[in-house]
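Printed here is data_24.txt (compact mmCIF, C-alpha atoms):
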```txt
# COMPACT_ATOMS: atom_id res chain seq x y z
CA MET A 1 -59.32 6.49 50.11
CA ARG A 2 -56.59 4.82 52.14
CA LYS A 3 -57.37 1.58 50.38
CA TYR A 4 -56.88 3.24 46.98
CA ILE A 5 -53.55 4.73 48.07
CA LEU A 6 -52.34 1.33 49.20
CA ILE A 7 -53.40 -0.22 45.86
CA LEU A 8 -51.64 2.56 43.96
CA LEU A 9 -48.47 2.09 46.01
CA ALA A 10 -48.60 -1.65 45.34
CA ILE A 11 -48.83 -0.99 41.60
CA VAL A 12 -45.92 1.46 41.69
CA TRP A 13 -43.79 -1.01 43.66
CA SER A 14 -44.65 -3.79 41.23
CA ILE A 15 -43.67 -1.68 38.22
CA ALA A 16 -40.43 -0.63 39.91
CA GLY A 17 -39.71 -4.26 40.74
CA ILE A 18 -40.31 -5.36 37.16
CA ALA A 19 -38.10 -2.54 35.89
CA PHE A 20 -35.35 -3.55 38.32
CA VAL A 21 -35.53 -7.21 37.25
CA ALA A 22 -35.47 -6.13 33.58
CA ALA A 23 -32.42 -3.93 34.18
CA ALA A 24 -30.62 -6.71 36.09
CA GLY A 25 -31.42 -9.13 33.27
CA SER A 26 -29.99 -6.69 30.77
CA GLU A 27 -26.68 -6.53 32.65
CA ALA A 28 -26.51 -10.31 32.73
CA ASP A 29 -27.22 -10.34 28.99
CA PHE A 30 -24.38 -7.90 28.46
CA LYS A 31 -21.94 -9.96 30.51
CA SER A 32 -22.83 -13.07 28.57
CA ALA A 33 -22.58 -11.25 25.20
CA LEU A 34 -19.24 -9.73 26.22
CA ALA A 35 -17.82 -13.10 27.26
CA ALA A 36 -18.87 -14.64 23.94
CA ALA A 37 -17.37 -11.74 21.97
CA GLU A 38 -14.10 -11.81 23.90
CA SER A 39 -13.81 -15.56 23.51
CA ALA A 40 -14.33 -15.33 19.73
CA ASN A 41 -11.85 -12.45 19.48
CA LYS A 42 -9.29 -14.48 21.42
CA GLU A 43 -9.71 -17.29 18.92
CA ALA A 44 -9.15 -14.80 16.07
CA GLY A 45 -6.02 -13.65 17.91
CA ALA A 46 -4.67 -17.20 18.01
CA LEU A 47 -5.14 -17.24 14.23
CA LYS A 48 -3.31 -13.87 14.02
CA ASN A 49 -6.35 -12.41 12.32
CA GLN A 50 -8.15 -9.98 14.60
CA TRP A 51 -9.97 -7.02 13.13
CA THR A 52 -9.61 -3.48 14.46
CA THR A 53 -13.37 -3.03 14.25
CA THR A 54 -13.94 -5.90 16.70
CA ALA A 55 -11.74 -4.14 19.26
CA GLN A 56 -13.58 -0.87 18.64
CA GLN A 57 -17.00 -2.47 19.21
CA LEU A 58 -15.75 -4.22 22.35
CA ALA A 59 -14.45 -0.94 23.75
CA ALA A 60 -17.71 0.83 22.88
CA ALA A 61 -19.70 -1.97 24.53
CA LYS A 62 -17.71 -1.65 27.76
CA GLN A 63 -18.13 2.10 27.69
CA ALA A 64 -21.91 1.79 27.31
CA ALA A 65 -22.01 -0.72 30.16
CA ALA A 66 -19.99 1.62 32.38
CA ALA A 67 -22.59 4.32 31.66
CA GLY A 68 -25.34 1.91 32.68
CA ASP A 69 -26.83 1.48 29.20
CA PHE A 70 -26.88 -2.31 29.12
CA ASP A 71 -29.19 -2.61 26.13
CA LYS A 72 -26.75 -0.66 24.00
CA ALA A 73 -23.81 -2.48 25.56
CA SER A 74 -25.32 -5.90 24.78
CA SER A 75 -26.08 -4.88 21.22
CA LEU A 76 -22.48 -3.65 20.70
CA ALA A 77 -21.03 -6.79 22.27
CA LYS A 78 -23.12 -8.92 19.92
CA GLN A 79 -21.83 -6.89 16.97
CA ALA A 80 -18.28 -7.45 18.24
CA GLU A 81 -18.92 -11.18 18.43
CA ALA A 82 -20.26 -11.21 14.86
CA LEU A 83 -17.15 -9.37 13.65
CA ALA A 84 -14.84 -11.71 15.54
CA LYS A 85 -16.61 -14.73 14.07
CA ALA A 86 -16.29 -13.25 10.58
CA SER A 87 -12.55 -12.76 11.12
CA ILE A 88 -12.21 -16.39 12.23
CA ALA A 89 -14.12 -17.55 9.15
CA GLN A 90 -11.89 -15.39 6.96
CA ALA A 91 -8.71 -16.85 8.50
CA LYS A 92 -9.95 -20.41 8.04
CA GLU A 93 -11.08 -19.81 4.48
CA GLN A 94 -7.78 -18.16 3.58
CA GLN A 95 -5.77 -21.13 4.82
CA GLU A 96 -6.17 -22.56 1.32
CA ALA A 97 -7.99 -19.90 -0.72
CA TRP A 98 -4.82 -17.79 -1.13
CA ARG A 99 -3.37 -20.35 -3.50
CA ALA A 100 -5.99 -19.52 -6.13
CA VAL A 101 -4.54 -16.01 -6.60
CA GLU A 102 -0.86 -16.85 -6.34
CA ILE A 103 1.25 -15.87 -9.34
CA ARG A 104 2.34 -19.12 -10.94
CA MET B 1 -15.36 -54.75 -12.05
CA SER B 2 -12.39 -55.69 -9.93
CA ARG B 3 -11.73 -53.91 -6.68
CA LYS B 4 -8.35 -52.69 -8.02
CA LEU B 5 -10.02 -51.04 -11.01
CA VAL B 6 -12.54 -49.29 -8.78
CA PHE B 7 -9.70 -47.90 -6.65
CA ALA B 8 -7.81 -46.79 -9.76
CA ILE B 9 -10.84 -44.95 -11.15
CA ALA B 10 -11.53 -43.38 -7.76
CA ALA B 11 -7.92 -42.22 -7.50
CA LEU B 12 -8.07 -40.70 -11.01
CA CYS B 13 -11.32 -38.88 -10.23
CA PHE B 14 -9.81 -37.56 -7.00
CA ALA B 15 -6.67 -36.39 -8.78
CA ALA B 16 -8.73 -34.67 -11.50
CA GLY B 17 -10.73 -32.78 -8.90
CA GLU B 18 -7.67 -31.56 -7.02
CA PRO B 19 -6.33 -28.12 -7.86
CA ALA B 20 -3.03 -28.02 -9.73
CA TRP B 21 -1.11 -26.67 -6.72
CA ALA B 22 -2.28 -29.33 -4.26
CA ALA B 23 0.81 -31.50 -4.50
CA GLU B 24 3.36 -28.79 -5.38
CA ALA B 25 6.55 -28.59 -3.40
CA VAL B 26 7.98 -25.25 -2.27
CA ASN B 27 9.92 -23.95 -5.25
CA PRO B 28 11.33 -20.43 -4.74
CA SER B 29 13.14 -20.27 -8.09
CA ALA B 30 9.97 -21.18 -10.03
CA ASP B 31 8.04 -18.59 -8.00
CA PHE B 32 10.73 -16.01 -8.75
CA LYS B 33 10.46 -16.56 -12.50
CA ALA B 34 6.65 -16.48 -12.51
CA PHE B 35 6.62 -13.34 -10.33
CA ARG B 36 9.04 -11.47 -12.53
CA ASP B 37 7.31 -12.58 -15.75
CA TYR B 38 3.99 -11.38 -14.39
CA PHE B 39 5.19 -7.83 -13.75
CA THR B 40 7.38 -7.45 -16.81
CA SER B 41 4.67 -8.68 -19.16
CA ARG B 42 1.98 -6.62 -17.45
CA PHE B 43 4.13 -3.46 -17.57
CA PRO B 44 6.31 -3.99 -20.66
CA LYS B 45 7.27 -0.30 -20.89
CA VAL B 46 8.70 -0.16 -17.38
CA PRO B 47 12.44 -0.96 -17.36
CA LEU B 48 13.14 -3.79 -14.94
CA LYS B 49 15.29 -1.73 -12.58
CA ASP B 50 12.69 1.01 -12.46
CA PHE B 51 10.24 -1.17 -10.53
CA VAL B 52 12.18 -0.24 -7.38
CA ASN B 53 10.81 3.27 -7.73
CA GLY B 54 7.34 2.03 -6.86
CA PRO B 55 4.51 4.39 -7.80
CA TYR B 56 6.90 6.59 -9.82
CA SER B 57 7.46 3.72 -12.25
CA MET B 58 3.70 3.67 -12.84
CA ASP B 59 2.74 7.34 -13.09
CA ALA B 60 4.57 9.97 -15.17
CA ASP B 61 3.21 13.03 -13.35
CA LEU B 62 4.06 11.62 -9.97
CA ARG B 63 7.53 10.82 -11.25
CA LYS B 64 8.16 14.43 -12.27
CA GLN B 65 7.20 15.64 -8.81
CA TRP B 66 9.49 13.05 -7.22
CA GLU B 67 12.43 13.95 -9.43
CA ALA B 68 12.06 17.58 -8.44
CA LYS B 69 11.84 16.60 -4.79
CA GLU B 70 15.00 14.48 -5.01
CA GLU B 71 17.06 17.66 -5.42
CA PHE B 72 16.53 18.24 -1.71
CA PRO B 73 15.34 14.83 -0.57
CA PRO B 74 13.15 14.75 2.53
CA TYR B 75 15.10 11.78 3.98
CA GLU B 76 18.36 13.74 4.08
CA PHE B 77 18.13 14.60 7.78
CA ALA B 78 17.50 10.97 8.69
CA LEU B 79 20.44 9.93 6.56
CA GLU B 80 22.80 12.30 8.36
CA GLN B 81 21.42 11.27 11.73
CA GLY B 82 21.86 7.59 10.81
CA LYS B 83 25.45 8.12 9.71
CA GLU B 84 26.28 9.79 12.99
CA MET B 85 24.49 7.14 15.04
CA PHE B 86 26.24 4.38 13.14
CA ALA B 87 29.65 5.85 13.89
CA THR B 88 28.96 6.49 17.58
CA PRO B 89 30.44 3.71 19.74
CA PHE B 90 28.42 1.91 22.42
CA LYS B 91 29.44 2.33 26.06
CA ASN B 92 31.68 -0.72 25.77
CA GLY B 93 33.66 0.95 22.99
CA LYS B 94 32.38 -1.30 20.22
CA SER B 95 30.19 -0.03 17.39
CA TYR B 96 27.61 -1.21 14.88
CA ALA B 97 30.40 -1.82 12.41
CA ASP B 98 31.68 -4.63 14.66
CA CYS B 99 28.40 -6.53 14.31
CA PHE B 100 28.25 -6.70 10.52
CA PRO B 101 30.24 -8.08 7.62
CA ASN B 102 32.29 -5.43 5.79
CA GLN B 103 31.86 -3.13 8.79
CA GLY B 104 28.20 -2.74 7.83
CA ILE B 105 28.94 -0.81 4.64
CA GLY B 106 27.26 -1.85 1.37
CA ILE B 107 25.51 -4.92 2.79
CA ARG B 108 21.83 -3.99 2.80
CA GLN B 109 21.18 -6.09 -0.31
CA ASN B 110 21.90 -9.29 1.65
CA TYR B 111 19.08 -8.75 4.14
CA PRO B 112 17.00 -10.52 5.23
CA TYR B 113 18.89 -13.79 5.44
CA PHE B 114 18.06 -17.12 6.99
CA ASP B 115 20.21 -17.76 10.04
CA GLU B 116 20.61 -21.54 10.19
CA LYS B 117 21.96 -21.41 13.73
CA ALA B 118 19.03 -19.39 15.07
CA GLY B 119 16.62 -21.15 12.71
CA LYS B 120 14.91 -17.93 11.69
CA VAL B 121 14.90 -15.03 9.26
CA ILE B 122 17.08 -12.10 10.31
CA THR B 123 16.12 -8.74 8.89
CA LEU B 124 18.38 -5.71 8.95
CA GLU B 125 16.18 -4.10 11.61
CA LEU B 126 16.38 -7.18 13.82
CA ALA B 127 20.15 -7.47 13.25
CA LEU B 128 20.61 -3.87 14.38
CA ASN B 129 18.70 -4.46 17.60
CA LEU B 130 20.53 -7.73 18.23
CA CYS B 131 23.74 -5.75 17.84
CA ARG B 132 22.55 -3.13 20.30
CA GLU B 133 21.53 -5.72 22.87
CA ALA B 134 24.80 -7.65 22.48
CA ASN B 135 26.60 -4.43 23.32
CA GLY B 136 24.50 -3.52 26.33
CA ALA B 137 22.23 -0.97 24.66
CA ALA B 138 18.43 -1.03 24.78
CA PRO B 139 16.74 -2.02 21.51
CA TYR B 140 15.12 0.70 19.42
CA SER B 141 11.45 0.71 18.50
CA TYR B 142 11.04 -0.89 15.09
CA VAL B 143 8.60 1.74 13.95
CA LYS B 144 10.29 4.95 15.07
CA ASP B 145 12.85 7.39 13.77
CA GLU B 146 16.07 5.95 15.22
CA MET B 147 15.66 2.61 13.46
CA ALA B 148 14.63 4.37 10.26
CA ALA B 149 17.73 6.59 10.43
CA LEU B 150 20.11 3.68 10.95
CA THR B 151 18.60 1.59 8.15
CA ALA B 152 18.51 4.67 5.90
CA TYR B 153 22.26 5.08 6.26
CA MET B 154 22.96 1.39 5.69
CA ALA B 155 20.70 1.38 2.62
CA TYR B 156 22.42 4.47 1.27
CA THR B 157 25.84 2.80 1.45
CA SER B 158 24.35 -0.07 -0.59
CA ARG B 159 22.56 1.93 -3.27
CA GLY B 160 22.71 0.30 -6.68
CA LYS B 161 23.80 -3.08 -5.31
CA PRO B 162 21.42 -5.82 -6.46
CA PHE B 163 19.30 -7.71 -3.94
CA ASP B 164 21.01 -11.02 -3.25
CA ILE B 165 18.72 -13.00 -0.97
CA LYS B 166 19.57 -16.65 -0.48
CA ILE B 167 17.27 -19.45 0.53
CA PRO B 168 19.39 -22.30 1.83
CA ASP B 169 18.35 -25.87 1.25
CA ASP B 170 17.02 -26.09 4.78
CA PRO B 171 13.40 -27.08 5.45
CA ARG B 172 13.11 -24.31 8.05
CA ALA B 173 14.19 -21.68 5.51
CA LEU B 174 11.75 -23.04 2.96
CA GLU B 175 9.01 -23.01 5.56
CA ALA B 176 9.77 -19.37 6.43
CA TYR B 177 9.71 -18.49 2.73
CA GLU B 178 6.40 -20.30 2.22
CA ASN B 179 4.86 -18.69 5.32
CA GLY B 180 5.88 -15.28 4.00
CA LYS B 181 4.35 -16.00 0.62
CA LYS B 182 1.16 -17.26 2.25
CA TYR B 183 0.85 -14.16 4.43
CA PHE B 184 1.37 -11.97 1.37
CA TYR B 185 -1.50 -13.56 -0.52
CA GLN B 186 -3.95 -14.13 2.33
CA ARG B 187 -6.83 -11.70 2.61
CA ARG B 188 -7.25 -10.12 6.02
CA GLY B 189 -8.94 -7.30 7.89
CA GLN B 190 -12.58 -6.29 7.68
CA LEU B 191 -11.93 -4.85 4.22
CA ASN B 192 -10.81 -8.33 3.08
CA PHE B 193 -7.65 -7.20 1.31
CA SER B 194 -4.40 -9.09 0.94
CA CYS B 195 -1.03 -7.46 0.28
CA ALA B 196 -1.43 -8.88 -3.23
CA SER B 197 -4.84 -7.22 -3.73
CA CYS B 198 -3.05 -3.88 -3.95
CA HIS B 199 0.49 -4.72 -5.02
CA VAL B 200 -0.10 -7.59 -7.48
CA GLN B 201 -3.60 -7.09 -8.79
CA SER B 202 -3.71 -3.29 -8.79
CA PRO B 203 -0.29 -1.61 -9.17
CA GLY B 204 -0.57 1.72 -10.94
CA GLN B 205 -4.23 2.04 -9.90
CA ARG B 206 -5.28 4.69 -7.46
CA ILE B 207 -6.63 3.92 -4.01
CA ARG B 208 -8.03 7.26 -2.97
CA THR B 209 -5.18 9.65 -3.84
CA GLU B 210 -2.36 7.11 -3.73
CA VAL B 211 -0.88 5.29 -6.69
CA LEU B 212 -0.25 1.69 -5.72
CA ALA B 213 3.29 0.36 -6.05
CA PRO B 214 4.08 -2.96 -7.73
CA ALA B 215 5.20 -5.78 -5.42
CA LEU B 216 8.28 -6.33 -7.58
CA GLY B 217 11.06 -4.28 -5.98
CA ILE B 218 8.72 -2.88 -3.35
CA LEU B 219 11.23 -3.14 -0.47
CA ALA B 220 14.26 -1.88 -2.38
CA ALA B 221 13.68 1.75 -1.39
CA MET B 222 13.08 1.09 2.32
CA PRO B 223 13.17 2.89 4.65
CA ILE B 224 11.08 5.68 3.20
CA TYR B 225 10.11 9.23 3.98
CA ARG B 226 6.35 9.40 3.53
CA SER B 227 4.65 12.72 3.18
CA GLU B 228 1.52 11.07 4.55
CA TRP B 229 3.39 10.14 7.73
CA GLY B 230 5.30 13.43 7.83
CA GLY B 231 8.44 11.45 8.59
CA MET B 232 10.52 8.35 8.04
CA GLY B 233 9.21 4.83 8.24
CA THR B 234 10.83 1.42 8.46
CA THR B 235 9.75 -1.76 6.71
CA SER B 236 8.10 -2.76 9.99
CA ARG B 237 6.11 0.47 10.03
CA ARG B 238 5.01 -0.13 6.45
CA PHE B 239 3.70 -3.64 7.22
CA VAL B 240 1.93 -2.49 10.39
CA THR B 241 0.26 0.36 8.50
CA CYS B 242 -0.81 -1.89 5.63
CA ASN B 243 -2.59 -4.21 8.05
CA SER B 244 -4.27 -1.34 9.90
CA GLN B 245 -5.46 0.24 6.67
CA VAL B 246 -7.50 -2.85 5.84
CA ARG B 247 -8.86 -2.88 9.40
CA GLY B 248 -6.74 -5.77 10.55
CA VAL B 249 -5.00 -5.71 13.93
CA PRO B 250 -1.31 -5.54 13.01
CA LEU B 251 1.15 -8.10 14.30
CA ASP B 252 4.00 -7.02 16.53
CA PRO B 253 6.70 -5.35 14.44
CA GLN B 254 9.28 -8.00 13.51
CA ASP B 255 6.82 -10.81 14.26
CA ASP B 256 7.96 -14.05 12.61
CA LEU B 257 5.36 -13.61 9.89
CA TYR B 258 6.41 -10.04 9.03
CA ARG B 259 10.04 -11.15 8.79
CA ASP B 260 8.94 -14.05 6.59
CA VAL B 261 7.00 -11.69 4.29
CA GLU B 262 10.10 -9.50 4.01
CA TYR B 263 12.14 -12.60 3.17
CA TYR B 264 9.69 -13.64 0.45
CA LEU B 265 9.34 -10.18 -1.11
CA SER B 266 13.07 -9.49 -1.01
CA TYR B 267 13.82 -12.81 -2.69
CA MET B 268 11.28 -11.93 -5.39
CA SER B 269 13.31 -8.75 -5.99
CA ASN B 270 16.67 -10.47 -6.37
CA GLY B 271 18.80 -8.69 -8.96
CA LEU B 272 17.01 -5.36 -8.54
CA PRO B 273 19.08 -2.51 -7.10
CA ILE B 274 18.80 -1.13 -3.60
CA ALA B 275 17.32 2.37 -3.87
CA GLY B 276 16.84 3.32 -0.24
CA PRO B 277 16.25 5.51 1.49
CA GLY B 278 13.28 6.52 -0.60
CA ALA B 279 10.58 9.15 -0.61
CA ARG B 280 6.92 8.40 -1.20
CA PRO B 281 3.78 10.56 -1.22
```
Go ahead and express the file in the form of structure tokens.
Amino acid sequence: MRKYILILLAIVWSIAGIAFVAAAGSEADFKSALAAAESANKEAGALKNQWTTTAQQLAAAKQAAAAGDFDKASSLAKQAEALAKASIAQAKEQQEAWRAVEIR
Amino acid sequence: MSRKLVFAIAALCFAAGEPAWAAEAVNPSADFKAFRDYFTSRFPKVPLKDFVNGPYSMDADLRKQWEAKEEFPPYEFALEQGKEMFATPFKNGKSYADCFPNQGIGIRQNYPYFDEKAGKVITLELALNLCREANGAAPYSYVKDEMAALTAYMAYTSRGKPFDIKIPDDPRALEAYENGKKYFYQRRGQLNFSCASCHVQSPGQRIRTEVLAPALGILAAMPIYRSEWGGMGTTSRRFVTCNSQVRGVPLDPQDDLYRDVEYYLSYMSNGLPIAGPGARP
């Protein structure tokens, strides 16, 4: 019986350990996603073409991280990065594209 | 085939593939003519001077409501406040009148102008804050009531005077003009709208409940009382709001680019009368 209890405890500890590692990994993922999103948004800022929705997603990501929900936080940070990248692409495309609609 | 001929053919092919505007120089007077022709031929029934009335020049029902409202205009309080503020001296005894030509009366139509000494576009809002700072007073917010009141009074003393914006033969002035034009036509924000999407391509159309104003004469009635805002708004406030509405992060009020846009749009309205302060839905 004692042997079984020890085996059970070992299993529980292993699961807890895996869960802890998974959670820690998720926070690292969030930090990396946040850094990428903030870097892209900074580039959009240098082009004077940030989007309000990028800032909203960044704020929501930080809020989720503060509440300990790193999966949600990572997902939101990745959405923010995608929005920031789209705003950069828009700014670059519009460097010349505007001329096609100019009244002439 | 000689090498020269190959180069000549290559150059021709390259030239043929280039868009017409690729080698164009900045030409404000040609832009002005094309801009005016576009609006007058698109809206042949609108008298030229009526474009300054924005959405009311496009929509008869809206115009009737506005005419009724003008009997007791919603900007009247701001106008009185602005008149009083304008006449109140700074602590050093000087006043706004000392900062402007003709004591600041009837000069709105000359703003913005390109200051060759400073190398930048000076709008009326910026000139007012420069005046305040030169006389030891703190600058006003560009998007709040005090600035709107002051500009409302100065616009009122200039009503009916035609816009007279000058672009000196100075590469920096031409660059500012071109930057303003570029900003006006560039799409931005998550909704991918440019200023021109609404005010060139769609004047008279509705966007939700609003009737879009034509870009021709669009700044002549500034500052404006907007029912939507429940108060007065400066040109700066208008630009900031336009950017936010398309989900773009606005620039700082009176950013170089906003002043350049104002320069471009005001030049496009040369000859049209100042109608500010105005009232809009």
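Interatomic distance, atom CA of Leu76 of chain A against atom CA of Gly189 of chain B: 19.0 Å.
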Separation of atom CA of Glu178 of chain B from atom CA of Asp115 of chain B in Å: 16.1 Å
Between B:Tyr75, B:Trp229, B:Phe193, B:Tyr263, which residue has the minimum interatomic distance to chain A, considering only C-alpha atoms? B:Phe193
Shell around Glu38 of chain A at 12 Å using all atoms listed in the file, local window under 5 positions removed, as an MDAnalysis selection string: chainID A and resid 30:33 43:45 50 54:55 57:59 61:62 77:85
I need every residue sitting at most 10 Å from the point (5.1, -7.7, -14.7) (coordinates as in the file, all atoms listed in the file considered), written as a PyMOL selection string. chain B and resi 34-46+48+51+200+203+214-216
Interface, chain A side, toward chain B (9 Å; all atoms listed in the file) as a list in words: Gly45, Lys48, Asn49, Gln50, Trp51, Thr52, Thr53, Ala55, Leu83, Ala86, Ser87, Gln90, Ala91, Gln94, Gln95, Glu96, Ala97, Trp98, Arg99, Ala100, Val101, Glu102, Ile103 and Arg104 of chain A
Contacts of segment 99-114 of chain B at 8 Å (all atoms listed in the file; same-chain gap of 5+ positions) as number ranges by chain: B: 119-124, 131, 154-159, 161-168, 173, 259, 262-263, 266, 273-274
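With only C-alpha atoms as the atoms that count, the residue of B:Gln65, B:Asn135, B:Ser227, B:Asn129 with the shortest distance to Asp98 of chain B is B:Asn135.
Here atom CA of Ser29 of chain B stands at a distance of 22.2 Å from atom CA of Asp256 of chain B.
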Got a sec: who's within 12 Å of Pro89 of chain B, counting only C-alpha atoms, leaving out chain neighbours fewer than 4 positions off, as a ChimeraX atom specification? /B:84-85,93-99,131-132,135-137
Dump of C-alpha atoms for the selected residues, as a PDB file, in the coordinates of the input:
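The result, written out as part30.pdb:
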```pdb
ATOM      1  CA  GLU B  84      26.280   9.790  12.990  1.00  0.00           C
ATOM      2  CA  MET B  85      24.490   7.140  15.040  1.00  0.00           C
ATOM      3  CA  GLY B  93      33.660   0.950  22.990  1.00  0.00           C
ATOM      4  CA  LYS B  94      32.380  -1.300  20.220  1.00  0.00           C
ATOM      5  CA  SER B  95      30.190  -0.030  17.390  1.00  0.00           C
ATOM      6  CA  TYR B  96      27.610  -1.210  14.880  1.00  0.00           C
ATOM      7  CA  ALA B  97      30.400  -1.820  12.410  1.00  0.00           C
ATOM      8  CA  ASP B  98      31.680  -4.630  14.660  1.00  0.00           C
ATOM      9  CA  CYS B  99      28.400  -6.530  14.310  1.00  0.00           C
ATOM     10  CA  CYS B 131      23.740  -5.750  17.840  1.00  0.00           C
ATOM     11  CA  ARG B 132      22.550  -3.130  20.300  1.00  0.00           C
ATOM     12  CA  ASN B 135      26.600  -4.430  23.320  1.00  0.00           C
ATOM     13  CA  GLY B 136      24.500  -3.520  26.330  1.00  0.00           C
ATOM     14  CA  ALA B 137      22.230  -0.970  24.660  1.00  0.00           C
TER      15      ALA B 137
END
```
With 3 Å on each side, where is the centre of the axis-aligned box around all listed atoms of segment 67-78 of chain B, and how long are its edges in Å to one decimal, as lines of an AutoDock Vina configuration file?
```
center_x = 15.1
center_y = 14.6
center_z = -0.4
size_x = 12.5
size_y = 13.3
size_z = 24.1
```
Which neighbours of Asp29 of chain A fall inside 10 Å, counting all atoms listed in the file, when residues of the same chain fewer than 6 positions from it are skipped, and could you give them as a list in words? Ala23, Ala35, Phe70, Asp71, Ala73, Ser74, Ser75 and Ala77 of chain A
